[in-house]
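A.B. asks: Take a look at the following structure, please.
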Amino acid sequence: MIYLNNGATSWPKPPAVSEAVQACLSGTPASQFRGGSSIMKKDVEVLCREKLGQLLGIRETERIFFTSGATESMNTVLGGLDYGEKGSSILVTQTEHNSVLRPVYNLEQLREHPVLVVKCTINGIVTEESLEIAVRPDSRVLIVNHCSNVTGCVQDMEMIREFAKRHGLILIVDVSQSAGCIPVDADKWEADALIFTGHKSLMGIQGTGGFYVRSGIELKPLKYGGTGRNSAQLTYENKDYEYEVGTQNMPGITGLLAGVEFIEQTGLSAIMEKEARLMEMLYSGLEQIEGVRIYGNHDVCRGPVMSLNFQGLKASDAAYILESGYGIIVRSGLHCSPLIHKAMGTEEGGTVRVSVSWFTEEKDIKKFLGAAKEIAASVARNI
Amino acid sequence: MKIIGKQPSREKCAESGWFAWDYLLDEPVEREFILKLRPLGGFTYLDMLKQPFFKIDSDYYMIKGIQGNDYFRIAVHGKHEDQLEELERTIIDCMEK
């Protein structure tokens with residue numbers, strides 16, 4: 001089986017990740033009354049925050065909070081922000097995932113805040129011009145997907161930083177698809193909030209992720225509950241909110257720490273180089289095949305995912321043939337990002353998405369290209 | 001050939017608005033069976049592939065699979081889910097003929 005669906009969940013994981021999860025499950029759960037040599041050890045959560053801070057360019061690592069993933073993070077941030085006056089608008093780009101779109105269109109707290117969609121190019125790029133067309137004087141928040149999970153295009157964050165600053169917008173950046181494989185620098189971008197998931201390029205397990213929200217941004221929690229701190233306090237009159245409530249997912253956070261340490265040891269630049277080489281193989285190989293339509297190009301689509309279609313074949317059928325006939329797992333459909341497909345002209349059936357990771361090998365790409373060639377030739381004969 | 005198992009498909013996102021099931025068979029799908037399905041709808045048969053792909057689709061259902069595999073998929077549009085049993089009976093007839 002060849003796994004080319006890393007854009008959904010990376011697989012395989014580094015052995016250190018499963019070892020860390022196993023060790024966490026085998027060990028005694030952390031106690032607040034630590035003794036002996038464990039006094040000298042840093043908490044896994046603190047260490048994981050520090051490592052994530054280094055990787056994602058966040059100095060205030062204590063402002064990184066763990067959740068079950070990007071969706072919970074986005075609901076927490078979007079549901080908890082202060083949007084100011086009734087009617088103030090929210091800008092979202094056309095490339096956003098449903099983890100953004102569904103909250104902005106459905107959260108009760110956002111009912112009185114219109115959602116403005118910033119159009120993107122056919123590749124998924126958001127230009128300054130399209131941002132300027134969409135923004136209104138009452139716009140309060142801008143949400144940007146750093147790397148498209150459909151085309152792999154990476155946004156110009158310097159331009160977006162300047163735009164957000166110029167218009168006084170709260171900038172929320174979704175780095176679910178880029179964290180761990182593309183440089184992320186929240187502080188340089190002056191991001192007010194950053195959303196990440198643990199199970200993609202950060203190499204953690206499903207059910208992990210988190211968000212960063214800079215100090216000074218008021219955020220009401222999504223959930224309230226026990227934290228182990230000042231249990232007698234029942235309300236938060238001073239807005240000293242806590243965001244990690246209930247028993248935390250320690251096996252998941254331990255695995256995430258191991259994943260981030262793997263990235264640190266391997267080197268982000270080495271990961272980027274390898275994945276770029278694999279993606280270049282895909283782009284150049286697919287360009288040679290008649291009957292294959294590629295969405296995007298490798299100049300702007302620098303992420304480890306790409307979209308394509310076979311002319312005359314539905315994306316879902318192509319993915320079915322690849323999996324059931326060749327043992328190659330890809331993903332088909334809208335990839336939970338419906339709006340970008342309007343820009344791409346693929347809103348009806350979506351695309352076939354191919355996505356690689358550090359563990360993908362060149363021979364896997366060659367086998368995929370061989371299968372793609374056979375499928376395209378077969379469809380051409382059948383038309 | 002007999003159906004020996006049935007389970008909901010994992011392919012939920014891809015078949016938006018459709019409900020799909022994978023049917024497990026006691027032997028591999030053969031060309032003769034595929035051709036018997038032909039009258040059931042629009043017919044696609046990519047027989048140039050090493051493992052040929054087949055698909056039959058109508059407005060409310062779709063059958064697809066790979067020749068040589070011991071499973072195939074049926075998807076029915078949400079509004080027509082009640083017609084799945086009738087479709088299953090038709091397919092079983094094709095297996096028995």
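By convention in this document, the chains of the structure tokens carry letters A, B, ... by their order, each chain's residues are numbered from 1, and ligands are numbered from 1 in the order they are shown.
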Could the residues of chain B within 12 Å of chain A, counting only C-alpha atoms, be given as a count of residues only, please?
C.D. replies: 38
A.B. asks: For B:His77, list every protein, DNA or RNA residue within 8 Å, evaluated using only C-alpha atoms, and leave out those in the same chain fewer than 2 positions away; present the list as a PDB file with C-alpha atoms, in the first residue's frame.
C.D. replies:
ATOM      1  CA  GLY B  17     -25.154  13.415  -0.382  1.00  0.00           C
ATOM      2  CA  TRP B  18     -24.769   9.749  -1.195  1.00  0.00           C
ATOM      3  CA  PHE B  19     -24.685   6.737   1.088  1.00  0.00           C
ATOM      4  CA  TYR B  60     -30.093   7.710  -7.930  1.00  0.00           C
ATOM      5  CA  TYR B  61     -27.597   4.863  -7.641  1.00  0.00           C
ATOM      6  CA  ALA B  75     -23.848   4.172  -3.546  1.00  0.00           C
ATOM      7  CA  LYS B  79     -33.404  10.458  -1.247  1.00  0.00           C
ATOM      8  CA  HIS B  80     -33.485   6.929  -2.670  1.00  0.00           C
ATOM      9  CA  GLU B  81     -31.943   4.947   0.169  1.00  0.00           C
TER      10      GLU B  81
END
A.B. asks: In Å, rounded to a single decimal, give me how far atom CA of A:Asp138 is from atom CA of A:Gly80.
C.D. replies: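 A separation of 18.8 Å between them.
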A.B. asks: Could you pull the residues within 6 Å of stretch 96-113 of chain A, counting only C-alpha atoms, minus those fewer than 5 positions along the same chain, as a list in words?
C.D. replies: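 Non-adjacent residues within range: Thr71, Lys86, Gly87, Ser88, Ser89, Asn145, Cys336 and Ser337 of chain A.
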A.B. asks: Write out as an NGL selection string the residues lying within 12 Å of A:Val21, counting only C-alpha atoms and excluding same-chain residues fewer than 4 positions away.
C.D. replies: :A and (13-17 or 25-27 or 44 or 204-206 or 249-259)
A.B. asks: Can you list every residue in stretch 272-343 of chain A that DSSP puts in helix (DSSP H, G or I), as a ChimeraX atom specification?
C.D. replies: /A:272-287,315-326,340-343
A.B. asks: Tell me, as an MDAnalysis selection string, which residues lie within 10 Å of B:Ile91, counting only C-alpha atoms; anything in the same chain fewer than 2 positions away does not count.
C.D. replies: chainID B and resid 3 33 36:37 40 63 85:89 93:96
A.B. asks: When distances are computed from only C-alpha atoms, which of A:Lys119, A:Pro221, A:Ser139, A:Gln22 shows the smallest separation from A:Leu81?
C.D. replies: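 The closest residue to A:Leu81 is A:Pro221.
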A.B. asks: Out of A:Thr67, A:Asn5, A:Ser10, A:Thr76, which residue has the shortest atom-to-atom distance to A:Gly210 when counting only C-alpha atoms?
C.D. replies: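 Looking only at the distances to A:Gly210, the closest residue turns out to be A:Thr67.
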